[in-house]
file target_15.tsv (TSV, C-alpha atoms)
chain	number	residue	atom	x	y	z
O	6	MET	CA	199.77	-19.07	356.90
O	7	SER	CA	200.86	-16.27	359.19
O	8	GLY	CA	203.91	-14.13	359.42
O	9	THR	CA	205.30	-10.96	358.00
O	10	GLU	CA	205.79	-11.82	354.36
O	11	GLY	CA	206.28	-8.77	352.18
O	12	GLY	CA	203.90	-7.97	349.38
O	13	ALA	CA	201.13	-10.30	350.51
O	14	PHE	CA	197.83	-9.15	348.91
O	15	GLY	CA	199.26	-5.84	347.81
O	16	ALA	CA	200.82	-4.81	351.11
O	17	GLY	CA	204.31	-4.70	352.51
O	18	LYS	CA	205.66	-6.26	355.64
O	19	ALA	CA	203.64	-5.85	358.82
O	20	GLY	CA	204.89	-3.00	360.97
O	21	THR	CA	205.78	-0.73	358.05
O	22	PRO	CA	205.50	2.94	359.14
O	23	PHE	CA	202.31	4.61	357.94
O	24	ASP	CA	202.88	7.20	355.20
O	25	LEU	CA	199.82	9.38	354.68
O	26	LEU	CA	200.94	10.74	351.31
O	27	THR	CA	201.62	7.27	349.92
O	28	PHE	CA	198.32	6.06	351.33
O	29	ILE	CA	196.29	8.82	349.68
O	30	LYS	CA	197.95	8.17	346.30
O	31	LYS	CA	196.72	4.57	346.18
O	32	PRO	CA	194.09	4.12	343.43
O	33	GLN	CA	191.66	2.24	345.66
O	34	VAL	CA	191.93	4.96	348.33
O	35	ILE	CA	191.24	7.70	345.78
O	36	LEU	CA	188.17	5.80	344.54
O	37	ARG	CA	187.09	5.16	348.12
O	38	ILE	CA	187.24	8.86	348.98
O	39	ALA	CA	185.36	9.75	345.78
O	40	SER	CA	182.68	7.16	346.58
O	41	THR	CA	182.34	8.62	350.08
O	42	VAL	CA	181.82	12.15	348.75
O	43	TRP	CA	179.39	11.06	346.06
O	44	ALA	CA	177.35	9.03	348.53
O	45	MET	CA	177.07	12.15	350.70
O	46	VAL	CA	175.87	14.14	347.68
O	47	VAL	CA	173.19	11.57	346.84
O	48	PHE	CA	171.59	11.19	350.24
O	49	GLY	CA	172.20	14.86	351.10
O	50	CYS	CA	170.42	16.18	347.98
O	51	ILE	CA	167.46	13.82	348.34
O	52	SER	CA	167.10	14.53	352.06
O	53	ALA	CA	167.30	18.29	351.53
O	54	GLU	CA	165.14	18.87	348.43
O	55	GLY	CA	163.84	15.51	347.28
O	56	TRP	CA	160.74	15.88	349.40
O	57	TYR	CA	158.00	18.51	349.08
O	58	ASP	CA	155.03	18.81	351.39
O	59	GLY	CA	155.74	15.41	352.86
O	60	HIS	CA	155.86	13.65	349.48
O	61	CYS	CA	158.76	12.48	347.34
O	62	GLN	CA	159.02	14.60	344.21
O	63	MET	CA	159.89	11.58	342.12
O	64	ARG	CA	156.42	10.49	341.05
O	65	ASP	CA	155.27	10.64	344.69
O	66	ASP	CA	157.13	7.37	345.07
O	67	ALA	CA	158.47	7.42	348.60
O	68	ASN	CA	160.36	4.22	347.89
O	69	ALA	CA	162.53	6.01	345.33
O	70	CYS	CA	163.58	8.68	347.81
O	71	ASN	CA	164.04	6.16	350.60
O	72	TYR	CA	166.13	3.92	348.36
O	73	GLY	CA	168.43	6.77	347.33
O	74	VAL	CA	168.90	7.92	350.92
O	75	GLY	CA	169.33	4.36	352.18
O	76	ILE	CA	172.05	3.20	349.81
O	77	GLY	CA	173.75	6.58	350.07
O	78	VAL	CA	174.01	6.46	353.87
O	79	LEU	CA	175.11	2.82	353.88
O	80	ALA	CA	177.68	3.45	351.14
O	81	PHE	CA	179.06	6.37	353.14
O	82	LEU	CA	179.45	4.25	356.28
O	83	ILE	CA	180.99	1.34	354.35
O	84	CYS	CA	183.51	3.63	352.68
O	85	ILE	CA	184.56	5.12	356.01
O	86	GLY	CA	184.96	1.64	357.47
O	87	PHE	CA	187.07	0.39	354.58
O	88	LEU	CA	189.22	3.52	354.61
O	89	VAL	CA	190.13	2.68	358.20
O	90	VAL	CA	190.82	-0.93	357.19
O	91	ASP	CA	192.97	0.24	354.27
O	92	ALA	CA	195.02	2.39	356.64
O	93	LEU	CA	195.57	-0.55	359.02
O	94	PHE	CA	196.07	-3.15	356.29
O	95	GLU	CA	199.87	-2.88	356.37
O	96	ASN	CA	199.88	-3.85	360.05
O	97	ILE	CA	197.90	-7.06	359.57
O	98	SER	CA	200.62	-9.69	359.97
O	99	SER	CA	198.46	-12.70	359.14
O	100	VAL	CA	198.23	-13.43	355.43
O	101	GLN	CA	194.97	-15.29	356.06
O	102	TYR	CA	193.37	-12.22	357.67
O	103	ARG	CA	194.56	-10.08	354.78
O	104	LYS	CA	192.87	-12.52	352.44
O	105	TYR	CA	189.58	-12.21	354.36
O	106	VAL	CA	189.74	-8.40	354.15
O	107	VAL	CA	190.36	-8.47	350.40
O	108	ILE	CA	187.51	-10.95	349.85
O	109	ALA	CA	185.15	-8.76	351.90
O	110	ASP	CA	186.22	-5.69	349.91
O	111	MET	CA	185.68	-7.55	346.64
O	112	CYS	CA	182.20	-8.81	347.57
O	113	VAL	CA	180.96	-5.52	349.09
O	114	SER	CA	182.27	-3.46	346.17
O	115	ALA	CA	180.61	-5.74	343.63
O	116	LEU	CA	177.32	-5.65	345.57
O	117	TRP	CA	177.30	-1.86	345.82
O	118	THR	CA	178.15	-1.49	342.15
O	119	PHE	CA	174.98	-3.43	341.41
O	120	LEU	CA	172.91	-1.50	343.98
O	121	TRP	CA	174.04	1.84	342.56
O	122	PHE	CA	173.16	0.66	339.07
O	123	VAL	CA	169.67	-0.29	340.27
O	124	GLY	CA	169.41	3.01	342.13
O	125	PHE	CA	170.38	5.07	339.10
O	126	CYS	CA	167.81	3.31	336.91
O	127	TYR	CA	165.16	3.52	339.63
O	128	LEU	CA	165.64	7.21	340.39
O	129	THR	CA	165.87	8.17	336.73
O	130	ASP	CA	162.67	6.32	335.85
O	131	ALA	CA	160.79	7.77	338.83
O	132	TRP	CA	161.88	11.32	338.02
O	133	ASN	CA	161.10	11.05	334.31
O	134	HIS	CA	157.60	9.77	335.03
O	135	SER	CA	156.85	12.59	337.44
O	136	PRO	CA	155.06	15.37	335.50
O	137	ASP	CA	156.10	18.96	336.11
O	138	ASN	CA	152.53	19.92	337.00
O	139	SER	CA	152.22	17.22	339.64
O	140	VAL	CA	150.87	18.43	342.96
O	141	TYR	CA	153.81	16.70	344.59
O	142	ARG	CA	156.37	18.72	342.65
O	143	ALA	CA	157.69	21.84	344.33
O	144	PRO	CA	156.60	25.04	342.52
O	145	HIS	CA	158.95	26.91	340.18
O	146	GLY	CA	161.17	23.86	339.82
O	147	HIS	CA	162.38	24.10	343.41
O	148	GLY	CA	164.54	21.11	344.25
O	149	ARG	CA	164.95	20.03	340.61
O	150	ASP	CA	168.70	20.57	340.64
O	151	HIS	CA	169.10	18.55	343.84
O	152	VAL	CA	167.19	15.58	342.48
O	153	GLN	CA	169.06	15.64	339.19
O	154	ALA	CA	172.37	15.92	341.06
O	155	ALA	CA	171.43	12.85	343.11
O	156	ILE	CA	170.70	10.94	339.91
O	157	ALA	CA	173.96	12.09	338.30
O	158	PHE	CA	176.11	11.13	341.27
O	159	SER	CA	174.35	7.78	341.45
O	160	PHE	CA	175.76	7.15	338.00
O	161	PHE	CA	179.22	8.32	339.07
O	162	SER	CA	179.02	5.94	342.01
O	163	ILE	CA	178.56	3.02	339.61
O	164	ILE	CA	181.92	3.92	338.06
O	165	SER	CA	183.77	4.42	341.36
O	166	TRP	CA	182.45	1.23	342.96
O	167	GLY	CA	183.13	-0.67	339.76
O	168	GLY	CA	186.73	0.55	339.96
O	169	LEU	CA	186.93	-0.60	343.59
O	170	THR	CA	185.68	-4.01	342.51
O	171	PHE	CA	188.34	-4.20	339.81
O	172	PHE	CA	191.20	-3.35	342.18
O	173	ALA	CA	189.89	-5.74	344.84
O	174	VAL	CA	189.71	-8.60	342.33
O	175	ARG	CA	193.21	-7.83	341.04
O	176	ARG	CA	194.61	-7.65	344.56
O	177	TYR	CA	192.98	-10.97	345.43
O	178	ARG	CA	194.38	-12.70	342.35
O	179	GLU	CA	197.87	-11.31	342.86
O	180	GLY	CA	197.81	-12.20	346.55
O	181	SER	CA	196.64	-15.74	345.86
O	182	GLN	CA	199.43	-16.26	343.31
O	183	GLU	CA	202.06	-14.87	345.69
O	184	THR	CA	200.84	-17.05	348.56
O	185	PHE	CA	200.91	-20.14	346.36
O	186	THR	CA	204.40	-19.32	345.10
O	187	GLN	CA	205.76	-18.70	348.59
O	188	GLY	CA	204.23	-21.90	349.88
O	189	TYR	CA	205.65	-23.89	346.97
O	190	GLU	CA	209.14	-22.49	347.44
O	191	THR	CA	209.01	-23.19	351.18
O	192	GLU	CA	207.94	-26.76	350.52
O	193	GLN	CA	210.67	-27.26	347.93
O	194	ASN	CA	213.37	-25.94	350.25
O	195	ALA	CA	212.15	-28.11	353.10
O	196	SER	CA	212.12	-31.26	350.94
O	197	SER	CA	215.57	-30.73	349.37
O	198	PRO	CA	218.34	-31.56	351.91
O	199	TYR	CA	220.96	-31.29	349.15
O	200	SER	CA	220.07	-27.76	348.10
O	201	SER	CA	223.42	-26.49	349.39
O	202	PHE	CA	225.54	-29.16	347.68
O	203	PRO	CA	228.80	-27.66	346.34
O	204	GLY	CA	228.26	-26.42	342.83
O	205	SER	CA	224.45	-26.24	343.09
O	206	ASP	CA	224.48	-22.46	343.22
O	207	THR	CA	226.58	-22.23	340.07
O	208	GLY	CA	224.81	-24.98	338.18
O	209	ASP	CA	228.03	-27.01	337.71
O	210	PRO	CA	227.60	-30.51	339.18
O	211	TYR	CA	231.22	-31.30	338.36
O	212	GLN	CA	232.78	-28.44	340.22
O	213	GLN	CA	236.12	-29.40	341.66
O	214	PRO	CA	236.46	-29.43	345.45
O	215	PRO	CA	238.61	-26.83	347.16
O	216	PHE	CA	242.40	-27.26	346.94
O	217	SER	CA	241.96	-29.64	343.99
O	218	GLY	CA	244.88	-28.02	342.23
O	219	GLN	CA	247.36	-28.96	344.94
O	220	LYS	CA	249.25	-32.27	344.64
O	221	GLU	CA	248.90	-34.55	347.56
O	222	ALA	CA	252.11	-35.94	349.11
O	223	PRO	CA	252.46	-39.71	348.63
O	224	ASP	CA	251.68	-41.71	351.70
O	225	PHE	CA	254.55	-44.28	350.95
O	226	GLN	CA	258.15	-43.13	351.09
O	227	PRO	CA	260.68	-45.53	349.44
O	228	PRO	CA	263.47	-46.59	351.76
O	229	THR	CA	266.85	-45.07	351.28
O	230	TYR	CA	270.06	-47.11	351.33
call {"tool": "encode", "arguments": {"input": "target_15.tsv", "output": "structure tokens"}}
result
Amino acid sequence: MSGTEGGAFGAGKAGTPFDLLTFIKKPQVILRIASTVWAMVVFGCISAEGWYDGHCQMRDDANACNYGVGIGVLAFLICIGFLVVDALFENISSVQYRKYVVIADMCVSALWTFLWFVGFCYLTDAWNHSPDNSVYRAPHGHGRDHVQAAIAFSFFSIISWGGLTFFAVRRYREGSQETFTQGYETEQNASSPYSSFPGSDTGDPYQQPPFSGQKEAPDFQPPTY
């Protein structure tokens, strides 16, 4: 189905003027911006202080550092991409294309919620099993705060991406119900040629026709003598 139906999948009619303030106030946009910032914190902290003398400070496990940087960079790029899509969503006239966007948002958000959960557990375990006297740890606790910040914001990212998943699922369900309802009403109107029968709008099938109160003149006139 295509067209400019209002309210399809949580958006108004296509061509609605873009309002930046209204856009920023949307819950999914707020969570998207938060997820973008937190992803920057994760990969920025690990890239800056997560390495010492060419080795990852988290149990000398390069995979832990690479994983944190990898999902952080990808999450940042995905958030930027979906922010652009969210801004253009109102101008997508096809309901089917809107549905595809919402499904993609739902699947990606659910996947990254899981990946952030794995990342938080992975980074926490690697850091806890890295002794303070390890030769791969920076002296005097240098970089400790950065690594712990990366772990903390990995946990925050689970919450923000989980929220994005929730709103995407809700928008998909609401959009599917609206599309079904609109299609059903269109089909009913098309299959009911008597929908405009007099009295149908008032619910009175016995409504009198117009001018029913006036007496009709008899067709036969008796002769006069």
call {"tool": "closest_residue", "arguments": {"input": "target_15.tsv", "among": "O:Val90, O:Ile83, O:Cys70, O:Ile35", "to": "Val47 of chain O", "atoms": "only C-alpha atoms"}}
result
O:Cys70
call {"tool": "atom_distance", "arguments": {"input": "target_15.tsv", "atom1": "atom CA of Ile108 of chain O", "atom2": "atom CA of Ala80 of chain O"}}
result
17.5 Å
call {"tool": "closest_residue", "arguments": {"input": "target_15.tsv", "among": "O:Cys112, O:Ile97, O:Met63, O:Ser40", "to": "Ser135 of chain O", "atoms": "all atoms listed in the file"}}
result
O:Met63
call {"tool": "closest_residue", "arguments": {"input": "target_15.tsv", "among": "O:Ser114, O:Gln153, O:Ser52, O:Gln101", "to": "Ala173 of chain O", "atoms": "only C-alpha atoms"}}
result
O:Ser114
call {"tool": "atom_distance", "arguments": {"input": "target_15.tsv", "atom1": "atom CA of Tyr102 of chain O", "atom2": "atom CA of Val78 of chain O"}}
result
27.2 Å
call {"tool": "residues_around", "arguments": {"input": "target_15.tsv", "residues": "Asp91 of chain O", "least_positions_apart": "3", "cutoff": "9 Å", "atoms": "all atoms listed in the file", "output": "JSON, numbers by chain"}}
result
{"O": [28, 33, 34, 86, 87, 88, 94, 95]}
call {"tool": "closest_residue", "arguments": {"input": "target_15.tsv", "among": "O:Thr27, O:Asp130, O:Leu82, O:Tyr177", "to": "Met45 of chain O", "atoms": "all atoms listed in the file"}}
result
O:Leu82
call {"tool": "atom_distance", "arguments": {"input": "target_15.tsv", "atom1": "atom CA of Tyr72 of chain O", "atom2": "atom CA of Gly124 of chain O"}}
result
7.1 Å
call {"tool": "closest_residue", "arguments": {"input": "target_15.tsv", "among": "O:Ser165, O:Thr170, O:Asn68, O:Ser99", "to": "Ile51 of chain O", "atoms": "all atoms listed in the file"}}
result
O:Asn68
call {"tool": "closest_residue", "arguments": {"input": "target_15.tsv", "among": "O:Leu36, O:Ala44, O:Ile85, O:Ala92", "to": "Phe172 of chain O", "atoms": "only C-alpha atoms"}}
result
O:Leu36
call {"tool": "residues_around", "arguments": {"input": "target_15.tsv", "residues": "Ala67 of chain O", "least_positions_apart": "6", "cutoff": "12 Å", "atoms": "all atoms listed in the file", "output": "list in words"}}
result
Ile51, Ser52, Gly55, Trp56, Tyr57, Gly59, His60, Cys61, Gly73, Val74, Gly75, Tyr127, Leu128, Ala131, Trp132 and Tyr141 of chain O
call {"tool": "write_last_selection", "arguments": {"input": "target_15.tsv", "atoms": "C-alpha atoms", "output": "CSV table (one decimal), in the frame of the given file"}}
result
chain,number,residue,atom,x,y,z
O,51,ILE,CA,167.5,13.8,348.3
O,52,SER,CA,167.1,14.5,352.1
O,55,GLY,CA,163.8,15.5,347.3
O,56,TRP,CA,160.7,15.9,349.4
O,57,TYR,CA,158.0,18.5,349.1
O,59,GLY,CA,155.7,15.4,352.9
O,60,HIS,CA,155.9,13.6,349.5
O,61,CYS,CA,158.8,12.5,347.3
O,73,GLY,CA,168.4,6.8,347.3
O,74,VAL,CA,168.9,7.9,350.9
O,75,GLY,CA,169.3,4.4,352.2
O,127,TYR,CA,165.2,3.5,339.6
O,128,LEU,CA,165.6,7.2,340.4
O,131,ALA,CA,160.8,7.8,338.8
O,132,TRP,CA,161.9,11.3,338.0
O,141,TYR,CA,153.8,16.7,344.6
